[in-house]
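Some notes on the structure that comes next.
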Amino acid sequence: MSANFVFTLSCADRPGIVAAITTELAALGANIAESNQFWDRETGQFFMRLAFTAPDGVDREAIERALKPAIERFSMRSALIDQSRRKRILVMVSKFDHALLHLLYQIRVGWLDAEMVGIVSNHEDSRATADYEGVPYHHLPITRETKAAQEAQVLDLVHQSGADLVVLARYMQVLSDTFATRLYGQIINIHHSFLPSFKGAKPYHQAHERGVKLIGATAHYVTPDLDEGPIIEQETARVTHAMSPDDLVAAGRDVESRVLARAVKLHLENRVMLNGRKTVVFG
């Protein structure tokens, strides 16, 4: 039975990179279904994503063995992903559950090919949702004094559940530098503002007071620098002076939910590659 794989790589750009990989895949009888590449002229780095089907009898070890000389020759940072394995996500949420509900729906209808292995919250508000969906619910309250212990519990859950990705679906707590660093590249947050000047708990109210014409949301990887991690996806929505703060909040909820779900999908499909403080996103 044939198997589907994704191979990603990044390295210093020079001639022969694409040929070195595709020649080996062709020799194995693999069929390339999708190919994306990008040369960052500012850094001289080359990025590539290949999706391919391997024929019967060609397993992961055979592919790794065939690609190893090219990987070593070009000093590639690479990953070979078996697409038959369903990715696992652990979601963290506080009281606002719109982004969580949207993720659950997109998993249910199959647009997101993932398994939600747990919901972590510092409140009890989403327990009924978790019970209805059959997802384990972990109520982990947090205070300044218990922050380190609570985050250690979350890390234990990540490892025990085998989660590939942690999703902050409006989790209204600032993660410690240690936690963010431990899971760098494996945590996605939805920032409930497209405009960095409007920070805090009520960005849409601040936007209303300033009479903005566009609101939006940003999905990004979490880093120790609050809300400044590499950006994966963004979207805006046009608003008017006639809209109340509640209208802006409602519009913002829709944007946040869509942006976060798209970012999660891009990550799970291995379409996002870190490039310093930025990302390369192969849509």
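Residue numbering restarts at 1 in every chain; chains get A, B, ... in the order shown in the structure tokens, and ligands count up from 1 in that same order.
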
| query | Got a sec: who's within 12 Å of region 229-234 of chain A, counting only C-alpha atoms, leaving out chain neighbours fewer than 5 positions off, as a ChimeraX atom specification? | reply | /A:180-181,184-195,215-224,255-267,270-283

Contacts of Ala51 (chain A) at 12 Å or less, counting only C-alpha atoms, minus same-chain residues fewer than 2 places along, as a PyMOL selection string?
chain A and resi 3-9+22+25+30-37+48-49+53-54+79-83+269-271+282

Open item on the list: What's around Asp97 (chain A) at 10 Å? Count only C-alpha atoms, leave out sequence neighbours fewer than 2 positions away in its own chain, and write the answer as a PyMOL selection string.
Closed with: chain A and resi 93-95+99-102+125-126+129+169-171+253+257

Selected residues, C-alpha atoms, written as a PDB file, in the first residue's frame, please.
```
ATOM      1  CA  VAL A  93      -8.771  28.265  26.927  1.00  0.00           C
ATOM      2  CA  SER A  94     -10.064  30.597  29.617  1.00  0.00           C
ATOM      3  CA  LYS A  95     -13.654  31.899  29.565  1.00  0.00           C
ATOM      4  CA  ALA A  99     -12.203  29.884  19.085  1.00  0.00           C
ATOM      5  CA  LEU A 100     -12.354  26.512  20.861  1.00  0.00           C
ATOM      6  CA  LEU A 101     -15.831  25.788  19.480  1.00  0.00           C
ATOM      7  CA  HIS A 102     -14.699  26.646  15.952  1.00  0.00           C
ATOM      8  CA  ASP A 125     -16.681  27.192  31.866  1.00  0.00           C
ATOM      9  CA  SER A 126     -15.850  24.804  29.009  1.00  0.00           C
ATOM     10  CA  THR A 129     -18.384  21.367  25.953  1.00  0.00           C
ATOM     11  CA  ALA A 169      -7.679  29.572  22.025  1.00  0.00           C
ATOM     12  CA  ARG A 170      -8.103  32.812  24.000  1.00  0.00           C
ATOM     13  CA  TYR A 171      -6.158  31.551  27.006  1.00  0.00           C
ATOM     14  CA  ARG A 253     -14.836  36.811  17.517  1.00  0.00           C
ATOM     15  CA  SER A 257     -11.888  31.948  15.141  1.00  0.00           C
TER      16      SER A 257
END
```

| said: Need the shell around Leu67 (chain A): protein/DNA/RNA residues with any atom at most 12 Å away, counting only C-alpha atoms. Skip same-chain ones fewer than 5 positions apart. Format as an MDAnalysis selection string? | reply: chainID A and resid 7:9 17:28 60:62 72:76 78:80

What are the DSSP alpha helix (DSSP H) residues of region 15-259 of chain A, as an NGL selection string?
:A and (17-28 or 60-73 or 98-108 or 127-133 or 147-161 or 177-182 or 203-210 or 245-259)

Taking the DSSP secondary structure from the backbone, can you list the residues of region 89-193 of chain A that are strand (DSSP E), as a ChimeraX atom specification?
/A:89-93,114-121,137-139,165-168,187-191

For Arg77 (chain A), the closest of A:Leu140, A:Val135, A:Cys11, A:Met116 counting only C-alpha atoms is A:Cys11

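The residue that comes closest to Gly57 (chain A), out of A:Gly44, A:Gly29, A:Pro69, A:Gly162 and on the basis of only C-alpha atoms, is A:Gly29.
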
Skipping near chain neighbours, those fewer than 5 positions away, what residues fall within 8 Å of region 204-212 of chain A using only C-alpha atoms, listed as a short mmCIF file (atom, residue, chain, number, x, y, z; two decimals) with C-alpha atoms, in the first residue's frame?
```cif
data_model
loop_
_atom_site.label_atom_id
_atom_site.label_comp_id
_atom_site.auth_asym_id
_atom_site.auth_seq_id
_atom_site.Cartn_x
_atom_site.Cartn_y
_atom_site.Cartn_z
CA SER A 193 -6.03 42.57 17.86
CA PHE A 198 -4.40 48.18 21.34
CA VAL A 239 -16.01 48.35 10.66
CA THR A 240 -17.83 51.67 10.81
CA HIS A 241 -18.56 54.49 13.20
CA SER A 244 -20.96 49.68 19.07
CA PRO A 245 -18.15 48.08 21.10
CA LEU A 248 -16.83 45.10 17.23
CA VAL A 249 -16.42 42.29 19.73
CA GLY A 252 -13.69 40.20 16.23
#
```
